[in-house]
$ cat target.cif   # mmCIF, C-alpha atoms and all ligand atoms
data_run
loop_
_atom_site.label_atom_id
_atom_site.label_comp_id
_atom_site.auth_asym_id
_atom_site.auth_seq_id
_atom_site.Cartn_x
_atom_site.Cartn_y
_atom_site.Cartn_z
CA MET A 7 22.96 56.34 12.15
CA LYS A 8 26.34 54.91 11.41
CA ALA A 9 29.05 56.55 9.44
CA GLY A 10 32.63 55.54 9.03
CA GLY A 11 32.17 52.80 11.61
CA MET A 12 31.03 55.28 14.23
CA GLU A 13 27.70 56.19 15.52
CA ILE A 14 26.76 59.77 14.93
CA ALA A 15 23.96 61.83 16.33
CA GLY A 16 22.62 63.11 13.05
CA GLY A 17 21.28 66.58 12.66
CA GLY A 18 22.29 68.01 16.00
CA THR A 19 23.45 71.58 15.79
CA GLY A 20 25.85 71.23 18.62
CA ASP A 21 28.73 68.97 19.12
CA ARG A 22 27.43 65.56 19.98
CA VAL A 23 28.78 63.76 16.99
CA GLY A 24 29.99 60.64 18.68
CA THR A 25 28.54 58.46 21.39
CA GLY A 26 30.31 56.93 24.31
CA GLU A 27 30.97 53.93 22.09
CA LYS A 28 34.65 53.13 21.89
CA GLU A 29 35.90 52.47 18.42
CA ALA A 30 39.14 51.46 16.82
CA ASN A 31 40.31 54.98 16.22
CA ASP A 32 39.89 56.18 19.78
CA LEU A 33 43.03 57.48 21.37
CA THR A 34 43.61 57.48 25.06
CA GLU A 35 45.63 60.40 26.27
CA PRO A 36 48.20 59.84 29.01
CA SER A 37 46.35 62.35 31.19
CA GLY A 38 43.30 60.10 31.27
CA CYS A 39 41.50 62.10 28.59
CA SER A 40 40.29 60.25 25.57
CA ILE A 41 39.42 61.39 22.13
CA THR A 42 37.09 59.99 19.53
CA PHE A 43 37.99 60.85 16.00
CA LEU A 44 35.34 60.85 13.37
CA THR A 45 37.07 60.36 10.11
CA LYS A 46 33.80 60.50 8.26
CA ILE A 47 30.85 62.62 9.09
CA GLN A 48 27.28 62.28 8.15
CA VAL A 49 24.74 64.96 8.76
CA GLU A 50 21.23 64.33 7.63
CA GLN A 51 20.50 65.74 4.25
CA ASN A 52 17.78 68.33 3.86
CA MET A 53 18.15 69.44 7.46
CA ASN A 54 19.17 72.80 6.16
CA GLU A 55 18.25 73.25 2.54
CA ASN A 56 20.87 70.70 1.60
CA THR A 57 23.67 73.15 2.15
CA LEU A 58 25.32 71.22 4.95
CA SER A 59 26.01 67.78 3.69
CA SER A 60 27.80 64.64 4.52
CA LEU A 61 31.21 63.60 3.49
CA SER A 62 29.90 60.35 2.10
CA SER A 63 27.44 62.17 -0.14
CA GLN A 64 30.19 64.35 -1.53
CA PRO A 65 32.57 61.92 -3.17
CA ASP A 66 33.98 64.69 -5.34
CA SER A 67 34.92 67.00 -2.52
CA GLY A 68 38.57 66.20 -2.94
CA ASP A 69 39.99 68.16 -0.03
CA LEU A 70 37.58 66.72 2.45
CA SER A 71 38.02 63.15 1.31
CA LYS A 72 41.77 63.52 1.47
CA LEU A 73 41.56 64.95 4.95
CA ALA A 74 39.30 62.21 6.20
CA ASP A 75 41.44 59.50 4.66
CA SER A 76 44.60 60.86 6.20
CA SER A 77 43.85 59.41 9.59
CA ASP A 78 47.39 60.14 10.82
CA ILE A 79 46.82 63.80 10.14
CA VAL A 80 43.38 63.68 11.70
CA GLN A 81 44.74 61.96 14.80
CA GLU A 82 47.60 64.39 15.11
CA TYR A 83 45.22 67.30 14.70
CA GLY A 84 42.95 65.85 17.42
CA SER A 85 45.87 65.34 19.81
CA LYS A 86 47.01 68.92 19.31
CA MET A 87 43.49 70.13 19.94
CA MET A 88 43.36 68.13 23.18
CA GLU A 89 46.57 69.82 24.32
CA LEU A 90 45.33 73.23 23.26
CA SER A 91 41.99 72.74 25.02
CA LYS A 92 43.74 72.04 28.29
CA LYS A 93 45.84 75.17 27.91
CA ILE A 94 42.78 77.25 27.12
CA VAL A 95 40.87 75.96 30.12
CA VAL A 96 43.80 76.85 32.40
CA VAL A 97 43.58 80.43 31.12
CA LEU A 98 39.81 80.48 31.60
CA LEU A 99 40.08 79.16 35.15
CA LYS A 100 42.65 81.84 35.94
CA CYS A 101 40.18 84.43 34.67
CA LEU A 102 37.50 83.06 36.97
CA GLY A 103 39.54 83.51 40.11
CA ASP A 104 42.85 83.45 41.83
CA ARG A 105 44.54 80.04 41.69
CA LEU A 106 41.39 78.34 40.45
CA GLU A 107 43.45 76.71 37.73
CA PHE A 108 45.18 74.69 40.43
CA LYS A 109 42.02 73.95 42.33
CA TYR A 110 39.74 72.91 39.51
CA LEU A 111 41.80 71.70 36.57
CA ASP A 112 41.21 68.18 37.77
CA GLU A 113 37.49 68.57 37.02
CA PHE A 114 38.46 68.58 33.34
CA SER A 115 40.79 65.58 33.47
CA GLN A 116 38.23 63.19 31.96
CA CYS A 117 37.16 65.46 29.11
CA HIS A 118 36.66 63.88 25.67
CA GLY A 119 37.30 65.40 22.30
CA TYR A 120 35.11 65.02 19.22
CA LEU A 121 36.23 66.11 15.84
CA ARG A 122 33.71 66.98 13.18
CA ILE A 123 34.46 67.88 9.62
CA ASN A 124 31.74 70.00 8.10
CA ASN A 125 31.30 70.33 4.38
CA TYR A 126 28.90 72.96 3.06
CA THR A 127 27.69 73.01 -0.51
CA PRO A 128 25.70 76.12 -1.38
CA PRO A 129 23.29 76.22 -4.32
CA GLU A 130 24.80 77.52 -7.55
CA ASP A 131 22.34 80.40 -7.83
CA ILE A 132 23.24 81.83 -4.45
CA GLU A 133 21.79 85.26 -3.71
CA ALA A 134 23.82 88.26 -2.60
CA GLU A 135 22.68 88.09 1.01
CA GLY A 136 23.77 84.48 1.12
CA VAL A 137 22.19 81.29 2.34
CA GLU A 138 22.22 79.83 5.81
CA GLY A 139 24.64 76.91 5.98
CA LEU A 140 24.13 76.23 9.68
CA GLY A 141 21.48 77.96 11.75
CA MET A 142 22.02 79.82 14.99
CA HIS A 143 23.01 77.51 17.80
CA THR A 144 25.24 77.11 20.80
CA ASP A 145 27.64 74.22 21.17
CA MET A 146 27.16 71.67 23.92
CA SER A 147 30.87 71.43 24.63
CA CYS A 148 33.05 72.98 27.31
CA ILE A 149 34.97 74.65 24.53
CA THR A 150 35.01 74.29 20.75
CA ILE A 151 38.07 75.01 18.64
CA LEU A 152 37.11 75.80 15.10
CA TYR A 153 39.00 76.00 11.85
CA GLN A 154 37.24 77.50 8.84
CA ASP A 155 38.70 77.58 5.37
CA ALA A 156 39.31 80.76 3.33
CA THR A 157 35.67 80.94 2.26
CA GLY A 158 34.61 82.39 5.62
CA GLY A 159 30.98 82.62 6.67
CA LEU A 160 31.11 82.01 10.42
CA GLN A 161 29.15 84.63 12.33
CA MET A 162 28.90 85.30 16.06
CA ARG A 163 25.93 86.97 17.70
CA SER A 164 26.80 89.96 19.85
CA LYS A 165 25.11 90.77 23.16
CA GLU A 166 23.13 93.41 21.28
CA GLY A 167 21.83 90.75 18.91
CA ASP A 168 23.87 91.74 15.86
CA TRP A 169 25.65 89.21 13.67
CA VAL A 170 29.38 89.77 13.46
CA ASP A 171 31.48 88.11 10.74
CA LEU A 172 34.42 86.16 11.98
CA LEU A 173 36.73 86.89 9.11
CA SER A 174 38.42 83.83 7.82
CA ASN A 175 42.10 83.54 8.46
CA GLU A 176 43.52 80.18 7.61
CA ASP A 177 46.28 80.73 10.16
CA ALA A 178 43.82 81.26 12.99
CA LEU A 179 41.49 79.11 15.03
CA ALA A 180 38.32 80.38 16.66
CA VAL A 181 37.46 79.30 20.20
CA ASN A 182 33.87 79.14 21.42
CA ILE A 183 32.73 78.65 24.99
CA GLY A 184 30.08 75.92 25.02
CA ASP A 185 27.01 75.28 27.17
CA LEU A 186 28.73 72.91 29.59
CA LEU A 187 31.26 75.53 30.60
CA GLN A 188 28.56 78.17 30.83
CA ALA A 189 26.73 76.00 33.35
CA TRP A 190 29.87 74.99 35.24
CA SER A 191 30.96 78.64 35.52
CA ASN A 192 27.50 79.73 36.72
CA GLY A 193 27.10 81.79 33.56
CA GLN A 194 30.31 83.75 34.04
CA LEU A 195 31.62 82.29 30.80
CA ARG A 196 29.01 82.57 28.06
CA SER A 197 28.24 80.02 25.43
CA SER A 198 28.37 81.84 22.10
CA LYS A 199 25.52 81.85 19.64
CA HIS A 200 26.84 81.36 16.16
CA ARG A 201 25.82 80.36 12.65
CA VAL A 202 27.24 79.96 9.16
CA ILE A 203 26.15 82.07 6.19
CA LEU A 204 27.38 81.06 2.75
CA LYS A 205 27.84 83.94 0.32
CA GLN A 206 29.98 82.37 -2.35
CA PRO A 207 29.07 79.56 -4.72
CA VAL A 208 31.92 77.39 -3.51
CA ASN A 209 32.24 74.45 -1.15
CA ARG A 210 33.14 75.43 2.39
CA LEU A 211 35.05 73.28 4.83
CA SER A 212 35.32 73.64 8.57
CA VAL A 213 36.81 71.43 11.24
CA ALA A 214 35.26 71.67 14.69
CA PHE A 215 36.86 70.14 17.75
CA PHE A 216 34.48 69.85 20.69
CA TRP A 217 35.98 69.32 24.12
CA CYS A 218 33.34 67.95 26.49
CA PHE A 219 32.96 66.66 30.02
CA GLU A 220 32.48 62.94 30.39
CA ASP A 221 28.87 61.74 30.04
CA GLU A 222 28.37 60.82 33.68
CA LYS A 223 29.75 64.04 35.15
CA VAL A 224 27.37 65.99 37.35
CA ILE A 225 27.74 69.63 36.50
CA LEU A 226 27.50 71.95 39.45
CA ALA A 227 29.28 75.27 39.69
CA PRO A 228 31.82 75.03 42.53
CA GLU A 229 31.36 77.42 45.45
CA ASP A 230 34.18 79.78 44.51
CA VAL A 231 33.22 79.77 40.84
CA VAL A 232 29.64 80.86 41.59
CA GLY A 233 30.86 84.45 41.45
CA GLY A 234 29.16 87.76 42.02
CA ARG A 235 25.67 86.34 41.76
CA LYS A 236 26.12 84.63 45.14
CA HIS A 237 23.72 81.89 44.14
CA ARG A 238 23.70 79.18 41.54
CA ILE A 239 21.62 79.91 38.49
CA TYR A 240 21.69 76.31 37.25
CA LYS A 241 20.61 73.20 39.07
CA PRO A 242 23.02 70.27 39.00
CA PHE A 243 22.60 67.99 36.01
CA VAL A 244 24.22 64.97 34.47
CA CYS A 245 26.04 65.82 31.28
CA LEU A 246 24.49 63.02 29.24
CA ASP A 247 20.98 64.15 30.21
CA TYR A 248 21.60 67.55 28.67
CA ILE A 249 23.01 65.97 25.54
CA LYS A 250 19.92 63.76 25.23
CA PHE A 251 17.67 66.77 25.81
CA ARG A 252 19.37 68.62 22.98
CA GLU A 253 19.29 65.65 20.66
CA ASN A 254 15.62 65.08 21.26
CA THR A 255 14.50 68.65 20.93
CA GLU A 256 16.72 69.70 18.10
CA LYS A 257 16.01 67.04 15.57
CA GLY A 258 15.21 68.98 12.47
CA ARG A 259 15.67 72.33 14.17
CA PHE A 260 18.94 73.68 12.93
CA ASP A 261 17.44 77.14 12.91
CA LYS A 262 16.32 77.29 16.53
CA VAL A 263 18.26 77.90 19.70
CA GLY A 264 15.37 77.85 22.14
CA TYR A 265 16.34 74.50 23.61
CA ASN A 266 19.50 75.57 25.32
CA ILE A 267 21.11 75.23 28.72
CA ASN A 268 18.84 77.88 30.23
CA GLY A 269 15.74 75.97 29.19
CA PHE A 270 17.21 72.77 30.56
CA ALA A 271 18.86 73.69 33.86
CA ALA A 272 18.09 77.26 34.94
CA ILE A 273 16.87 77.19 38.53
CA SER A 274 13.84 79.38 38.03
CA ALA A 275 12.16 81.54 35.46
CA LEU A 276 13.14 84.48 37.66
CA ASN A 277 16.67 83.91 36.46
CA TYR A 278 15.66 84.83 32.95
CA ASP A 279 16.56 88.43 33.44
CA GLU A 280 18.85 90.69 31.49
CA ASN A 281 21.82 89.29 33.38
CA MET A 282 21.09 85.78 32.29
CA PRO A 283 23.54 84.52 29.74
CA THR A 284 21.61 83.41 26.69
O1 LIG B 1 31.28 75.52 10.08
C1 LIG B 1 31.50 76.35 10.97
O2 LIG B 1 32.27 77.29 10.83
C2 LIG B 1 30.78 76.23 12.28
C3 LIG B 1 30.47 74.82 12.65
C4 LIG B 1 29.76 74.75 13.95
O3 LIG B 1 29.37 75.72 14.53
C5 LIG B 1 29.52 73.43 14.53
O4 LIG B 1 29.89 72.41 13.93
O5 LIG B 1 28.96 73.38 15.65
FE FE B 2 28.77 75.28 16.52
#
$ encode --input "target.cif" --output "structure tokens"
Amino acid sequence: MKAGGMEIAGGGTGDRVGTGEKEANDLTEPSGCSITFLTKIQVEQNMNENTLSSLSSQPDSGDLSKLADSSDIVQEYGSKMMELSKKIVVVLLKCLGDRLEFKYLDEFSQCHGYLRINNYTPPEDIEAEGVEGLGMHTDMSCITILYQDATGGLQMRSKEGDWVDLLSNEDALAVNIGDLLQAWSNGQLRSSKHRVILKQPVNRLSVAFFWCFEDEKVILAPEDVVGGRKHRIYKPFVCLDYIKFRENTEKGRFDKVGYNINGFAAISALNYDENMPT
């Protein structure tokens, strides 16, 4: 589908909101990274009880329209997110091993950024336990940097399987590891399961910045990133193939997370043990 002059993968729960198509509002970063800004979003209606809806179907959502129209602001925000993503990945590489930030930063030099503005409209007669705005999923990115407005509602799933509220703080950004980095790090960095629960009868806005490897990149955990497991738990795969896999299997499945990186690239069912990142 097309929205705002850009093609959008409608209905995906992850981050693939733009295609490789270059459009007028692409920015090329000096480092060789590029960013695609989506100034309008469109997510298929009725994917999730009509709570997550498109910008274009919400002409009265003043804040969102203003944000989308202010392309200078959107571009500046995207550029800052690109810079921040690079800084975050340096920290993550340092955590993975001594001097790995020098050795492997180059692997991320062609990363793209996608910006998605999510607008949630809950029903007026919302019940106390709330309504699901976005079902449990993992992001397909390397990392996602997320802003949520004061309404709150973002929840992370703990290792024990409990949902933990990520309290809203308009001065803070949340950072998620995505599936691509989970695979690249041989599962040492875990892609977080998350969802959105709406508890208040007010519109909710979030801005998600997805930082992703280039489509054609073959993802294979480097030898000294493989870590304590001593063997790779994911077979090599082309980034775009995983994105297509998710798009195909998730259409209409906002509430399912079964089709994740483990299902796509885990080397064998034997790897589905308690140590397997899920
Ligand atoms: O709206 C939120 O807080 C979360 C959005 C999200 O997880 C996503 O767009 O992938
Ligand atoms: Fe997400």
$ residues_near_ligand --input "target.cif" --ligand "ligand LIG 1 (chain B)" --cutoff "7 Å" --atoms "all atoms listed in the file" --output "list in words"
Thr19, Gly20, Asp21, Arg122, Asn124, Asp145, Leu152, Tyr153, Gln154, Gly159, Leu160, His200, Arg201, Val202, Leu211, Ser212, Val213 and Ala214 of chain A
$ closest_residue --input "target.cif" --among "A:Val97, A:Leu111, A:Val80, A:Ile267" --to "His143 (chain A)" --atoms "all atoms listed in the file"
A:Ile267
$ closest_residue --input "target.cif" --among "A:Lys205, A:Lys199, A:Arg210, A:His237" --to "ligand FE 2 (chain B)" --atoms "all atoms listed in the file"
A:Lys199
$ residues_around --input "target.cif" --residues "Ala178 (chain A)" --least-positions-apart "3" --cutoff "12 Å" --atoms "only C-alpha atoms" --output "list of chain:residue names"
A:Ile151, A:Leu152, A:Tyr153, A:Gln154, A:Asp155, A:Ala156, A:Gly158, A:Leu172, A:Leu173, A:Ser174, A:Asn175, A:Val181
$ atom_distance --input "target.cif" --atom1 "CA of Asp247 (chain A)" --atom2 "CA of Val95 (chain A)"
23.1 Å
$ closest_residue --input "target.cif" --among "A:Leu121, A:Leu204, A:Leu106, A:Ile94" --to "ligand FE 2 (chain B)" --atoms "all atoms listed in the file"
A:Leu121
$ atom_distance --input "target.cif" --atom1 "CA of Gln188 (chain A)" --atom2 "CA of Cys148 (chain A)"
7.7 Å
$ closest_residue --input "target.cif" --among "A:Ile132, A:Val232, A:Met87, A:Met142" --to "ligand FE 2 (chain B)" --atoms "only C-alpha atoms and all ligand atoms"
A:Met142
$ residues_around --input "target.cif" --residues "region 219-221 of chain A" --least-positions-apart "6" --cutoff "10 Å" --atoms "only C-alpha atoms" --output "MDAnalysis selection string"
chainID A and resid 25:26 39:40 113:119 146:149 186:187 244:249
$ atom_distance --input "target.cif" --atom1 "CA of Ser91 (chain A)" --atom2 "CA of Phe215 (chain A)"
9.3 Å
$ closest_residue --input "target.cif" --among "A:Glu229, A:Glu176, A:Glu130, A:Asp185" --to "ligand FE 2 (chain B)" --atoms "all atoms listed in the file"
A:Asp185
$ closest_residue --input "target.cif" --among "A:Asp112, A:Leu179, A:Gly193, A:Thr144" --to "Gly233 (chain A)" --atoms "all atoms listed in the file"
A:Gly193
$ residues_around --input "target.cif" --residues "Phe270 (chain A)" --least-positions-apart "4" --cutoff "9 Å" --atoms "all atoms listed in the file" --output "count of residues only"
6
